[in-house]
Amino acid sequence: MSRRLPKGGRLIDRSRPLGFSFNGREMRGYSGDTLASALLGRGQVLMGRSFKYHRPRGVVTSGPEEPNALVGLGRNGSFEPNVRATTTELFEGLEARSQNHWPSLEHDVGAINSVLSRFLPSGFYYKTFLWPRAFWKHVYEPAIRLSAGLGKPPKRRDADHYEHFNITTDILVIGGGISGIAAAFAAAETGADVLLVEQASTWGGRASVDGVRIDGLSAEEWAGTTLKSLQSMPNVRMRTRTTGVGVHDHGYVLLHERLNDHAPDHSVPRHRLWKVRAGQVVAATGAIERPLSFAGNDRPGCMLASAVRDYVVNYGVTPGERTVVLTNNDDAYRTGLALREAGLGVPAILDTRQEATGPLAKAARDGGLTVRFGCGIAGIVGRDRVERVQVCSQDGDGEVIDEIQADCVAMSGGWSPAVHLWCHAGGKLSWNDEQAHFVPDRARPPTGADGVAMMQVAGTANGAMRTDAALESAHVAGVSAGQALGMGCSGKPDRAPEGEDEVHHPMEPVWLVPA
């Protein structure tokens, strides 16, 4: 089961416990926790039910891409449905309720739909409830509408108030990971006015979790030093808890800032909408890890490999005592190593490839972890969460060749650049065969009214998956944005930060495990 580790958690403050409730049960977490990490720390793996069949659902990710852990937050005039537990910062007195079940999360009558799933195909109600005709309006449709949708709509007027304002800047950098920081620094060096925003409450992205080193420093140290330099520059502004939600024509960008979701106060605005006019936009929005498809991968306990190590390293929480890692790339080996370092069990790393010769795979084998090549997961045993993992040959027909006792699966299908804002602005994509993902096509960028490119892309969002390549890409993007506005270099060092990274064995484009 999930639990709080006795030590660790780079983002939490164990000296500041916080009380909160989930489905009426009083729990405790720590300052710096998200709702998801606090729930996992209290052993709460089941966090919701699926929409139609009411299957059990647990957390899958550690960020804004979370599909399952959606809760109703607050009460009365402060109630909000469908809030992601993975991005909700914990505060004293937080009240959360899971959704889409009755009478309780653990005992849901609607779960009968899962048993009857073969009789409930998509759109079955349009072909089934036809007689008697008068029943559709007065009986069938009201019942169907009552069960439709996720979450409950608020019943009272919103107790909070909001604000918006207009602002102009030379260069807007969206994303405060190491690439965004490097791009902002390079842009600021050209003399341009720079606005740097990050959707999380902390800077640096996931580089600190992955043990990245930059210019001889840890990623956390490098980010702290560079941020201090940015803060000292009069031409730079920085905001956390601020998300880029849309890039429109003529450099018009919308930002959504969460002012006090982490510390509710009805006397001040809750959210702020920024209406930004930017001469150039730099998207340093990172990448999103892809899952792998296998039977039962929707069970609570099946998570992205990056999310598992985020919870272990950032929050001192383990999603399970025995974690099986399933991967088609080298990056997931970091999760096995992080779990081993935390003293947790890793019965096996199942690699769908026939070999992996990179230093991460070697470190895992040298550290005593069992690596099984050419293997996948045929299925998951366990109704409400992972209990056992059935192993199969990736090149076979899905026949079970082994069964492993485990309560967590960390899966990784590689990474895809977060290209949403690039595409929203009209930028085109091209296919990268080596990494099996789409990347921004620099030859077909979003353009302004004058036909000139108005957007740059940096770091892993540009398909640069190695640290050194990501930082070089970020530096080039920042300098290019300044030069596009006619800015010059101030004469200060103009080299890109140097990242230290492992050489990875090529990933294998495998998304489906035979079953």
# chains A, B, ... in the order shown; residues from 1 in each chain; ligands from 1
call {"tool": "residues_around", "arguments": {"residues": "A:Ala449", "least_positions_apart": "2", "cutoff": "8 Å", "atoms": "only C-alpha atoms", "output": "ChimeraX atom specification"}}
result
/A:249-250,447,451-452
call {"tool": "select_by_dssp", "arguments": {"residues": "stretch 46-294 of chain A", "states": "alpha helix (DSSP H)", "output": "ChimeraX atom specification"}}
result
/A:112-115,124-128,135,141-147,178-189,219-231
call {"tool": "residues_around", "arguments": {"residues": "A:Ala418", "least_positions_apart": "3", "cutoff": "7 Å", "atoms": "only C-alpha atoms", "output": "list in words"}}
result
Thr285, Gly286, Ala287, Ile288 and Ala461 of chain A
call {"tool": "write_last_selection", "arguments": {"atoms": "N, CA and C atoms", "output": "PDB file, in the first residue's frame"}}
result
ATOM      1  N   THR A 285       7.572  24.433 -22.465  1.00  0.00           N
ATOM      2  CA  THR A 285       6.494  23.749 -21.749  1.00  0.00           C
ATOM      3  C   THR A 285       6.802  22.293 -21.433  1.00  0.00           C
ATOM      4  N   GLY A 286       8.004  21.825 -21.733  1.00  0.00           N
ATOM      5  CA  GLY A 286       8.403  20.488 -21.325  1.00  0.00           C
ATOM      6  C   GLY A 286       7.815  19.389 -22.185  1.00  0.00           C
ATOM      7  N   ALA A 287       7.752  18.192 -21.603  1.00  0.00           N
ATOM      8  CA  ALA A 287       7.248  17.017 -22.304  1.00  0.00           C
ATOM      9  C   ALA A 287       6.374  16.206 -21.361  1.00  0.00           C
ATOM     10  N   ILE A 288       5.548  15.357 -21.938  1.00  0.00           N
ATOM     11  CA  ILE A 288       4.616  14.536 -21.172  1.00  0.00           C
ATOM     12  C   ILE A 288       4.959  13.075 -21.402  1.00  0.00           C
ATOM     13  N   ALA A 461      10.335  20.610 -24.963  1.00  0.00           N
ATOM     14  CA  ALA A 461       9.185  20.965 -25.799  1.00  0.00           C
ATOM     15  C   ALA A 461       9.574  21.032 -27.266  1.00  0.00           C
TER      16      ALA A 461
END
call {"tool": "atom_distance", "arguments": {"atom1": "atom CA of A:Glu80", "atom2": "atom CA of A:Arg3"}}
result
27.5 Å
call {"tool": "residues_around", "arguments": {"residues": "A:Leu369", "least_positions_apart": "6", "cutoff": "12 Å", "atoms": "only C-alpha atoms", "output": "PyMOL selection string"}}
result
chain A and resi 323-325+333-341+344-350+360-363
call {"tool": "closest_residue", "arguments": {"among": "A:Asp215, A:Glu106, A:Glu289, A:Asp397", "to": "A:Glu65", "atoms": "only C-alpha atoms"}}
result
A:Glu289
call {"tool": "residues_around", "arguments": {"residues": "A:Asn23", "least_positions_apart": "2", "cutoff": "12 Å", "atoms": "only C-alpha atoms", "output": "list of chain:residue names"}}
result
A:Phe20, A:Ser21, A:Arg25, A:Glu26, A:Met27, A:Leu39, A:Gln44, A:Leu46, A:Met47, A:Gly48, A:Val71, A:Gly72, A:Leu73, A:Gly74, A:Leu94, A:Glu95, A:Ala96, A:Arg97, A:Ser98, A:Gln99, A:His101, A:Pro103, A:Ser104, A:Leu105, A:Glu106
call {"tool": "closest_atom_pairs", "arguments": {"of": "stretch 78-137 of chain A", "to": "stretch 143-166 of chain A", "cutoff": "8 Å", "atoms": "only C-alpha atoms", "output": "JSON lines"}}
result
{"residue": "A:Ser78", "atom": "CA", "partner": "A:Ala159", "partner_atom": "CA", "distance": 5.9}
{"residue": "A:Phe79", "atom": "CA", "partner": "A:Pro154", "partner_atom": "CA", "distance": 6.1}
{"residue": "A:Glu80", "atom": "CA", "partner": "A:Pro154", "partner_atom": "CA", "distance": 6.6}
{"residue": "A:Pro81", "atom": "CA", "partner": "A:Gly151", "partner_atom": "CA", "distance": 5.5}
{"residue": "A:Asn82", "atom": "CA", "partner": "A:Gly151", "partner_atom": "CA", "distance": 6.1}
{"residue": "A:Gln99", "atom": "CA", "partner": "A:Gly151", "partner_atom": "CA", "distance": 5.4}
{"residue": "A:Asn100", "atom": "CA", "partner": "A:Leu150", "partner_atom": "CA", "distance": 6.1}
call {"tool": "write_last_selection", "arguments": {"atoms": "C-alpha atoms", "output": "JSON list (two decimals), in the first residue's frame"}}
result
[["chain", "number", "residue", "atom", "x", "y", "z"],
["A", 78, "SER", "CA", -16.43, 27.81, -2.49],
["A", 79, "PHE", "CA", -17.31, 24.45, -4.02],
["A", 80, "GLU", "CA", -15.60, 23.53, -7.30],
["A", 81, "PRO", "CA", -15.97, 20.18, -9.13],
["A", 82, "ASN", "CA", -13.41, 18.26, -11.20],
["A", 99, "GLN", "CA", -16.82, 11.87, -7.53],
["A", 100, "ASN", "CA", -19.08, 9.57, -9.55]]
call {"tool": "residues_around", "arguments": {"residues": "stretch 122-134 of chain A", "least_positions_apart": "3", "cutoff": "12 Å", "atoms": "only C-alpha atoms", "output": "ChimeraX atom specification"}}
result
/A:52-53,117-119,137-141,143-145
call {"tool": "atom_distance", "arguments": {"atom1": "atom CA of A:Ala481", "atom2": "atom CA of A:Ser232"}}
result
20.9 Å
call {"tool": "select_by_dssp", "arguments": {"residues": "stretch 205-402 of chain A", "states": "strand (DSSP E or B)", "output": "ChimeraX atom specification"}}
result
/A:213-214,217-218,236-239,242-247,252-258,271-283,287-289,293,302-304,317-318,322-327,345,349-351,371-373,375-381,388-393,400-402
call {"tool": "residues_around", "arguments": {"residues": "A:Glu399", "least_positions_apart": "3", "cutoff": "8 Å", "atoms": "only C-alpha atoms", "output": "list in words"}}
result
Ala378, Cys392, Ser393, Gly396 and Ala515 of chain A
call {"tool": "write_last_selection", "arguments": {"atoms": "C-alpha atoms", "output": "mmCIF file, in the first residue's frame"}}
result
data_model
loop_
_atom_site.group_PDB
_atom_site.id
_atom_site.type_symbol
_atom_site.label_atom_id
_atom_site.label_comp_id
_atom_site.auth_asym_id
_atom_site.auth_seq_id
_atom_site.Cartn_x
_atom_site.Cartn_y
_atom_site.Cartn_z
ATOM 1 C CA ALA A 378 -0.067 -9.552 -19.863
ATOM 2 C CA CYS A 392 4.482 -12.214 -20.817
ATOM 3 C CA SER A 393 6.943 -12.178 -23.696
ATOM 4 C CA GLY A 396 4.688 -13.660 -27.923
ATOM 5 C CA ALA A 515 -2.494 -10.047 -24.143
#
call {"tool": "closest_residue", "arguments": {"among": "A:Ala356, A:Leu120, A:Ile171, A:Leu40", "to": "A:Leu485", "atoms": "only C-alpha atoms"}}
result
A:Ile171
call {"tool": "closest_residue", "arguments": {"among": "A:Arg75, A:His504, A:His54, A:Arg385", "to": "A:Ala332", "atoms": "only C-alpha atoms"}}
result
A:His504
call {"tool": "closest_residue", "arguments": {"among": "A:Leu5, A:Tyr311, A:Val389, A:Arg14", "to": "A:Thr34", "atoms": "only C-alpha atoms"}}
result
A:Tyr311
call {"tool": "closest_residue", "arguments": {"among": "A:Ala436, A:Ile178, A:Ala477, A:Leu254", "to": "A:Thr202", "atoms": "only C-alpha atoms"}}
result
A:Ile178
call {"tool": "atom_distance", "arguments": {"atom1": "atom CA of A:Val308", "atom2": "atom CA of A:Ile214"}}
result
23.9 Å
call {"tool": "closest_residue", "arguments": {"among": "A:Ala263, A:Val371, A:Val391, A:Leu421", "to": "A:Gly246", "atoms": "only C-alpha atoms"}}
result
A:Leu421
